[in-house]
$ cat query-v2.txt   # compact mmCIF, C-alpha atoms and all ligand atoms
# COMPACT_ATOMS: atom_id res chain seq x y z
CA MET O 178 -16.30 17.93 0.64
CA TYR O 179 -13.75 19.23 3.14
CA ILE O 180 -10.79 17.89 1.15
CA THR O 181 -11.76 19.57 -2.14
CA SER O 182 -12.26 22.82 -0.23
CA ARG O 183 -8.56 22.54 0.66
CA ILE O 184 -6.97 21.08 -2.48
CA GLY O 185 -9.36 22.25 -5.20
CA SER O 186 -11.27 20.12 -7.66
CA GLU O 187 -8.63 19.60 -10.34
CA PRO O 188 -8.64 15.87 -11.20
CA ILE O 189 -6.13 13.66 -9.39
CA GLN O 190 -4.60 10.88 -11.44
CA ILE O 191 -3.05 8.62 -8.81
CA GLY O 192 -3.74 7.91 -5.17
CA MET O 193 -0.63 6.77 -3.33
CA VAL O 194 -0.43 4.94 -0.04
CA LEU O 195 3.14 5.36 1.13
CA GLY O 196 4.30 2.66 3.51
CA SER O 197 7.32 2.46 5.79
CA GLY O 198 10.39 3.90 4.12
CA LEU O 199 8.63 5.74 1.31
CA GLY O 200 6.73 8.36 3.28
CA ASP O 201 9.31 11.06 2.53
CA LEU O 202 8.30 10.98 -1.13
CA ALA O 203 5.24 13.04 -0.19
CA ASP O 204 7.60 15.82 0.90
CA GLU O 205 8.93 15.98 -2.67
CA LEU O 206 5.61 16.87 -4.35
CA GLY O 207 5.41 20.12 -6.28
CA ASP O 208 2.76 22.73 -5.37
CA SER O 209 1.86 20.60 -2.38
CA ILE O 210 -1.02 21.06 0.01
CA THR O 211 -0.98 19.09 3.25
CA ILE O 212 -3.97 18.12 5.35
CA SER O 213 -3.61 16.39 8.73
CA TYR O 214 -5.86 13.37 9.13
CA LYS O 215 -7.11 14.86 12.39
CA ASP O 216 -8.62 17.80 10.49
CA ILE O 217 -10.61 15.64 8.06
CA PRO O 218 -14.18 14.96 9.17
CA HIS O 219 -14.85 11.23 9.82
CA PHE O 220 -11.22 10.22 9.25
CA PRO O 221 -9.85 7.72 11.78
CA VAL O 222 -7.60 9.34 14.37
CA SER O 223 -3.94 8.28 14.18
CA THR O 224 -2.74 6.32 17.18
CA VAL O 225 0.90 5.74 16.44
CA PHE O 226 3.15 8.33 17.96
CA GLY O 227 5.63 9.78 15.49
CA HIS O 228 3.75 8.71 12.36
CA LYS O 229 3.00 11.59 10.10
CA GLY O 230 -0.67 10.93 9.42
CA ARG O 231 -1.55 13.33 6.66
CA LEU O 232 -2.72 13.67 3.08
CA VAL O 233 -0.44 15.49 0.68
CA ALA O 234 -1.76 16.61 -2.71
CA GLY O 235 0.58 17.87 -5.38
CA THR O 236 2.45 17.01 -8.55
CA LEU O 237 4.97 14.24 -9.09
CA GLU O 238 6.63 13.60 -12.45
CA GLY O 239 3.99 15.66 -14.21
CA LYS O 240 1.03 13.83 -12.62
CA ARG O 241 -1.34 15.17 -10.04
CA VAL O 242 -1.25 12.80 -7.08
CA LEU O 243 -2.73 12.48 -3.61
CA CYS O 244 -0.50 10.72 -1.08
CA MET O 245 -1.35 9.15 2.22
CA GLN O 246 1.72 9.81 4.32
CA GLY O 247 1.05 7.15 6.91
CA ARG O 248 -1.77 4.63 6.78
CA PHE O 249 -4.11 2.99 9.26
CA HIS O 250 -3.23 -0.57 10.28
CA TYR O 251 -5.53 -3.25 11.62
CA TYR O 252 -3.08 -3.94 14.48
CA GLU O 253 -3.58 -0.41 15.76
CA GLY O 254 -7.12 -1.42 16.66
CA TYR O 255 -9.05 -0.01 13.71
CA GLY O 256 -11.70 -2.09 12.04
CA PHE O 257 -11.06 -2.99 8.40
CA ASP O 258 -13.82 -0.50 7.54
CA GLN O 259 -11.75 2.29 9.11
CA VAL O 260 -8.54 1.04 7.50
CA VAL O 261 -10.09 1.39 4.03
CA PHE O 262 -12.07 4.59 4.62
CA PRO O 263 -9.32 6.80 3.09
CA ILE O 264 -9.39 4.64 -0.06
CA GLN O 265 -13.13 5.22 -0.32
CA VAL O 266 -12.50 8.93 0.14
CA MET O 267 -9.96 8.83 -2.70
CA HIS O 268 -12.61 7.17 -4.86
CA ALA O 269 -15.11 9.89 -3.91
CA LEU O 270 -12.50 12.43 -5.05
CA GLY O 271 -12.56 10.77 -8.49
CA ILE O 272 -9.33 8.79 -8.11
CA LYS O 273 -9.43 5.57 -10.12
CA GLU O 274 -5.88 4.33 -9.70
CA LEU O 275 -3.85 3.50 -6.66
CA LEU O 276 -0.18 2.88 -5.98
CA VAL O 277 0.31 1.08 -2.68
CA THR O 278 3.64 0.39 -1.00
CA ASN O 279 4.58 -1.43 2.16
CA ALA O 280 7.32 -3.13 4.13
CA ALA O 281 7.15 -6.90 4.12
CA GLY O 282 8.98 -9.97 5.37
CA GLY O 283 10.49 -12.21 2.71
CA VAL O 284 9.13 -15.76 2.67
CA ASN O 285 10.60 -16.82 -0.66
CA THR O 286 14.16 -17.90 0.16
CA ALA O 287 15.40 -16.57 -3.18
CA PHE O 288 14.68 -13.06 -1.85
CA LYS O 289 17.01 -11.02 0.29
CA SER O 290 16.51 -8.10 2.60
CA GLY O 291 16.37 -4.88 0.58
CA ASP O 292 14.69 -6.43 -2.49
CA LEU O 293 11.62 -4.77 -3.97
CA MET O 294 8.70 -7.05 -4.87
CA LEU O 295 5.87 -6.39 -7.25
CA ILE O 296 2.69 -7.73 -5.63
CA THR O 297 0.98 -9.91 -8.22
CA ASP O 298 -1.67 -11.35 -5.89
CA HIS O 299 -2.50 -11.76 -2.22
CA ILE O 300 -3.71 -14.26 0.38
CA ARG O 301 -5.95 -13.21 3.25
CA LEU O 302 -6.87 -16.00 5.60
CA VAL O 303 -8.15 -13.83 8.44
CA ALA O 304 -11.92 -14.00 8.49
CA ASP O 305 -12.47 -10.27 8.44
CA ASN O 306 -13.07 -8.40 5.20
CA PRO O 307 -13.46 -4.63 4.77
CA MET O 308 -16.57 -5.16 2.68
CA ARG O 309 -18.30 -7.25 5.37
CA GLY O 310 -21.63 -5.71 6.36
CA PRO O 311 -24.33 -3.95 4.37
CA ASN O 312 -23.11 -3.32 0.85
CA ILE O 313 -22.97 0.26 -0.37
CA GLU O 314 -24.27 -0.23 -3.90
CA GLU O 315 -22.97 3.17 -5.08
CA LEU O 316 -19.43 1.95 -4.39
CA GLY O 317 -19.62 -1.54 -5.88
CA GLU O 318 -21.37 -4.86 -6.12
CA ARG O 319 -22.01 -7.17 -3.16
CA PHE O 320 -19.86 -9.93 -4.69
CA PHE O 321 -16.93 -8.77 -6.73
CA ASP O 322 -14.05 -10.19 -8.70
CA MET O 323 -10.52 -10.21 -7.27
CA SER O 324 -8.76 -11.93 -10.18
CA ASN O 325 -7.13 -8.73 -11.44
CA ALA O 326 -6.85 -7.04 -8.02
CA TYR O 327 -3.26 -6.07 -8.86
CA ASP O 328 -3.57 -4.64 -12.33
CA LYS O 329 -1.66 -6.56 -14.99
CA ALA O 330 -1.07 -3.55 -17.25
CA LEU O 331 0.31 -1.47 -14.35
CA ASN O 332 2.50 -4.43 -13.33
CA GLU O 333 3.96 -4.46 -16.82
CA ILE O 334 4.86 -0.78 -16.55
CA ALA O 335 6.60 -1.46 -13.23
CA ARG O 336 8.60 -4.33 -14.76
CA THR O 337 9.65 -2.20 -17.74
CA LYS O 338 10.70 0.74 -15.59
CA ALA O 339 12.69 -1.47 -13.20
CA ARG O 340 14.47 -3.01 -16.19
CA GLU O 341 15.27 0.42 -17.63
CA LEU O 342 16.67 1.54 -14.28
CA GLY O 343 18.75 -1.63 -14.08
CA MET O 344 16.98 -2.59 -10.86
CA ALA O 345 16.04 -6.11 -9.86
CA LEU O 346 12.29 -6.32 -9.18
CA GLN O 347 11.11 -9.53 -7.57
CA GLU O 348 7.48 -10.49 -7.86
CA GLY O 349 5.11 -12.60 -5.88
CA VAL O 350 2.20 -13.19 -3.57
CA TYR O 351 1.77 -11.06 -0.44
CA MET O 352 0.07 -12.72 2.49
CA PHE O 353 -1.72 -10.66 5.12
CA PHE O 354 -1.08 -11.28 8.82
CA ALA O 355 -2.91 -9.12 11.36
CA GLY O 356 0.12 -8.45 13.58
CA PRO O 357 1.37 -6.72 15.64
CA SER O 358 3.37 -9.82 16.59
CA PHE O 359 5.63 -10.93 13.80
CA GLU O 360 4.78 -14.40 12.55
CA THR O 361 6.17 -17.60 14.05
CA PRO O 362 8.57 -19.75 12.01
CA ALA O 363 5.77 -22.35 11.69
CA GLU O 364 3.40 -19.69 10.33
CA ILE O 365 6.04 -18.70 7.78
CA ARG O 366 6.53 -22.34 6.69
CA ALA O 367 2.73 -22.61 6.36
CA ALA O 368 2.61 -19.37 4.37
CA ARG O 369 5.25 -20.71 1.98
CA ILE O 370 3.33 -23.96 1.44
CA LEU O 371 0.23 -21.88 0.70
CA GLY O 372 2.08 -19.94 -1.98
CA ALA O 373 3.17 -16.76 -0.22
CA ASP O 374 6.39 -15.00 -1.21
CA ALA O 375 6.11 -12.22 1.38
CA VAL O 376 4.12 -11.43 4.51
CA GLY O 377 2.93 -8.15 5.94
CA MET O 378 0.36 -6.31 8.03
CA SER O 379 -1.16 -3.90 5.52
CA THR O 380 -2.23 -3.37 1.90
CA VAL O 381 -4.65 -6.29 1.58
CA PRO O 382 -7.70 -4.47 3.03
CA GLU O 383 -6.92 -1.45 0.86
CA ALA O 384 -6.63 -3.62 -2.26
CA ILE O 385 -9.95 -5.32 -1.49
CA ALA O 386 -11.75 -1.98 -1.07
CA ALA O 387 -10.14 -0.72 -4.28
CA SER O 388 -11.31 -3.80 -6.21
CA HIS O 389 -14.81 -3.32 -4.82
CA MET O 390 -14.82 0.15 -6.40
CA HIS O 391 -13.14 -1.03 -9.63
CA MET O 392 -10.00 0.99 -8.92
CA ARG O 393 -6.79 -0.25 -10.49
CA VAL O 394 -4.02 -1.10 -8.03
CA LEU O 395 -0.26 -1.34 -8.33
CA GLY O 396 1.40 -2.76 -5.21
CA ILE O 397 5.10 -2.85 -4.38
CA SER O 398 6.65 -4.29 -1.22
CA CYS O 399 10.03 -3.52 0.19
CA ILE O 400 11.38 -6.77 1.63
CA THR O 401 12.82 -5.23 4.79
CA ASN O 402 13.77 -8.52 6.43
CA MET O 403 13.60 -12.23 5.85
CA ALA O 404 10.54 -13.61 7.65
CA ALA O 405 10.72 -15.51 10.94
CA GLY O 406 12.78 -18.69 11.12
CA ILE O 407 14.69 -18.18 7.85
CA LEU O 408 17.78 -16.54 9.29
CA ALA O 409 19.25 -17.05 12.75
CA GLN O 410 18.64 -13.49 13.89
CA LYS O 411 15.63 -12.09 15.75
CA LEU O 412 13.08 -9.94 13.92
CA THR O 413 12.98 -6.33 15.00
CA HIS O 414 11.16 -3.20 13.95
CA THR O 415 14.59 -1.53 13.88
CA GLU O 416 15.68 -3.84 11.05
CA VAL O 417 12.47 -3.04 9.16
CA MET O 418 13.08 0.70 9.51
CA GLU O 419 16.80 0.48 8.69
CA THR O 420 16.25 -1.52 5.52
CA GLY O 421 13.44 0.84 4.49
CA GLU O 422 15.87 3.72 4.92
CA ARG O 423 18.63 1.93 2.98
CA VAL O 424 16.38 1.17 0.02
CA LYS O 425 14.49 4.46 0.04
CA GLU O 426 16.49 6.04 -2.76
CA SER O 427 16.05 3.25 -5.30
CA PHE O 428 12.43 2.66 -4.24
CA THR O 429 11.71 6.36 -4.78
CA ALA O 430 13.45 6.29 -8.17
CA LEU O 431 11.29 3.37 -9.26
CA VAL O 432 8.05 4.98 -8.06
CA ARG O 433 8.98 8.21 -9.82
CA ALA O 434 9.74 6.38 -13.10
CA ILE O 435 6.47 4.46 -12.90
CA THR O 436 4.55 7.68 -12.16
CA ARG O 437 6.12 9.40 -15.17
CA GLU O 438 4.96 6.54 -17.40
CA TRP O 439 1.58 6.11 -15.71
CA PRO O 440 -1.19 5.97 -18.35
CA VAL O 441 -3.70 8.80 -18.07
N1 LIG O 501 6.16 -9.80 8.97
C1 LIG O 501 5.06 -9.02 8.89
N2 LIG O 501 5.11 -7.75 8.53
C2 LIG O 501 6.29 -7.23 8.23
C3 LIG O 501 7.48 -7.97 8.28
C4 LIG O 501 7.39 -9.34 8.68
O1 LIG O 501 8.39 -10.07 8.74
N3 LIG O 501 8.48 -7.15 7.91
C5 LIG O 501 7.93 -5.93 7.64
N4 LIG O 501 6.59 -5.98 7.82
$ encode --input "query-v2.txt" --output "structure tokens"
Amino acid sequence: MYITSRIGSEPIQIGMVLGSGLGDLADELGDSITISYKDIPHFPVSTVFGHKGRLVAGTLEGKRVLCMQGRFHYYEGYGFDQVVFPIQVMHALGIKELLVTNAAGGVNTAFKSGDLMLITDHIRLVADNPMRGPNIEELGERFFDMSNAYDKALNEIARTKARELGMALQEGVYMFFAGPSFETPAEIRAARILGADAVGMSTVPEAIAASHMHMRVLGISCITNMAAGILAQKLTHTEVMETGERVKESFTALVRAITREWPV
């Protein structure tokens, strides 16, 4: 495979999908090797100007990791199958565990902008599913369980590490919206009634593909803003980016602590 020809075949312990605000962590890996998505055969081509769009392999806190610095979003026009292709590539590289981060809007009114939230479950009401279509039996079963999609043992490690760092870690249900429009206030009220604590435009397809392949997933959201209709102000991408930047240091510290403790 092209990627192993570049990074070697030493086992990788954790695949990381670094969302808004956390991408710089990939620049901190030791002995790193970087591969642009555009150089990887069959990889989707990045559309968003200014996004980094590359894989970075290296060491973090004593673990060998492979980071996606920039992910593919449904709102960019990719099919769910393209959005999850890198996760399937990680699986083909022998990766069995995934840490996924994202920026999300807070739906739970006990949250505030800048909080981190452990994703304990998700809601996907859009009809599409990355596993729709002929099933690839070598990857997983046609019908597969999602009741431990966000791994309970990994969640426990995240809780412990947050406590040790003296950081508040919220937890809750992440609901997928396709975007790129932010949600309406009515959609946010509906999401809350349905049991959502946060909303966002990523992560859910990746988590579904990972479950299909029996990969264990740990998901953490950065609540970059309160969702539509909760506060008087307008929602902007600028606020999302600014909060991501503000929280970056503590988010990175938590991810590093979790990585150090990650069971091998
Ligand atoms: N909605 C959807 N996605 C998001 C939001 C939001 O409010 N904030 C960051 N990503």
$ closest_residue --input "query-v2.txt" --among "O:Ala386, O:Ala434, O:Ile365, O:Leu395" --to "O:Phe320" --atoms "only C-alpha atoms"
O:Ala386
$ closest_atom_pairs --input "query-v2.txt" --of "stretch 325-426 of chain O" --to "stretch 195-209 of chain O" --cutoff "8 Å" --atoms "only C-alpha atoms" --output "tab-separated table"
residue	atom	partner	partner_atom	distance
O:Met418	CA	O:Gly198	CA	6.8
O:Gly421	CA	O:Gly198	CA	4.3
O:Glu422	CA	O:Gly198	CA	5.5
O:Val424	CA	O:Gly198	CA	7.8
O:Lys425	CA	O:Gly198	CA	5.8
$ residues_near_ligand --input "query-v2.txt" --ligand "ligand LIG 501 (chain O)" --cutoff "10 Å" --atoms "only C-alpha atoms and all ligand atoms" --output "compact mmCIF listing (two decimals) with C-alpha atoms, keeping the file's coordinate frame"
# COMPACT_ATOMS: atom_id res chain seq x y z
CA GLY O 196 4.30 2.66 3.51
CA SER O 197 7.32 2.46 5.79
CA ASN O 279 4.58 -1.43 2.16
CA ALA O 280 7.32 -3.13 4.13
CA ALA O 281 7.15 -6.90 4.12
CA GLY O 282 8.98 -9.97 5.37
CA GLY O 283 10.49 -12.21 2.71
CA VAL O 284 9.13 -15.76 2.67
CA SER O 290 16.51 -8.10 2.60
CA MET O 352 0.07 -12.72 2.49
CA PHE O 353 -1.72 -10.66 5.12
CA PHE O 354 -1.08 -11.28 8.82
CA ALA O 355 -2.91 -9.12 11.36
CA GLY O 356 0.12 -8.45 13.58
CA PRO O 357 1.37 -6.72 15.64
CA SER O 358 3.37 -9.82 16.59
CA PHE O 359 5.63 -10.93 13.80
CA GLU O 360 4.78 -14.40 12.55
CA THR O 361 6.17 -17.60 14.05
CA ILE O 365 6.04 -18.70 7.78
CA ALA O 375 6.11 -12.22 1.38
CA VAL O 376 4.12 -11.43 4.51
CA GLY O 377 2.93 -8.15 5.94
CA MET O 378 0.36 -6.31 8.03
CA SER O 379 -1.16 -3.90 5.52
CA SER O 398 6.65 -4.29 -1.22
CA CYS O 399 10.03 -3.52 0.19
CA ILE O 400 11.38 -6.77 1.63
CA THR O 401 12.82 -5.23 4.79
CA ASN O 402 13.77 -8.52 6.43
CA MET O 403 13.60 -12.23 5.85
CA ALA O 404 10.54 -13.61 7.65
CA ALA O 405 10.72 -15.51 10.94
CA GLY O 406 12.78 -18.69 11.12
CA LEU O 412 13.08 -9.94 13.92
CA THR O 413 12.98 -6.33 15.00
CA HIS O 414 11.16 -3.20 13.95
CA GLU O 416 15.68 -3.84 11.05
CA VAL O 417 12.47 -3.04 9.16
CA MET O 418 13.08 0.70 9.51
CA THR O 420 16.25 -1.52 5.52
CA GLY O 421 13.44 0.84 4.49
$ closest_residue --input "query-v2.txt" --among "O:Gly230, O:Gly396, O:Pro188, O:Gly291" --to "O:Lys329" --atoms "only C-alpha atoms"
O:Gly396
$ residues_near_point --input "query-v2.txt" --point "(-3.1, 1.1, -5.5)" --cutoff "8 Å" --atoms "only C-alpha atoms" --output "JSON, numbers by chain"
{"O": [192, 193, 194, 274, 275, 276, 277, 327, 383, 384, 387, 392, 393, 394, 395, 396]}
$ closest_residue --input "query-v2.txt" --among "O:Phe428, O:Ile184, O:Gly372, O:Ala326" --to "O:Thr211" --atoms "all atoms listed in the file"
O:Ile184
$ residues_near_point --input "query-v2.txt" --point "(1.3, -10.0, -2.6)" --cutoff "6 Å" --atoms "only C-alpha atoms" --output "list in words"
Ile296, Thr297, Asp298, His299, Gly349, Val350, Tyr351 and Met352 of chain O
$ residues_around --input "query-v2.txt" --residues "O:Ser186" --least-positions-apart "6" --cutoff "12 Å" --atoms "only C-alpha atoms" --output "PyMOL selection string"
chain O and resi 178-180+234+241+269-272
$ residues_around --input "query-v2.txt" --residues "O:Val260" --least-positions-apart "6" --cutoff "9 Å" --atoms "all atoms listed in the file" --output "count of residues only"
8
$ atom_distance --input "query-v2.txt" --atom1 "atom CA of O:Pro218" --atom2 "atom CA of O:Leu316"
19.5 Å
$ closest_residue --input "query-v2.txt" --among "O:Val222, O:Ala345, O:Leu243, O:Ile300" --to "O:Ile210" --atoms "all atoms listed in the file"
O:Leu243
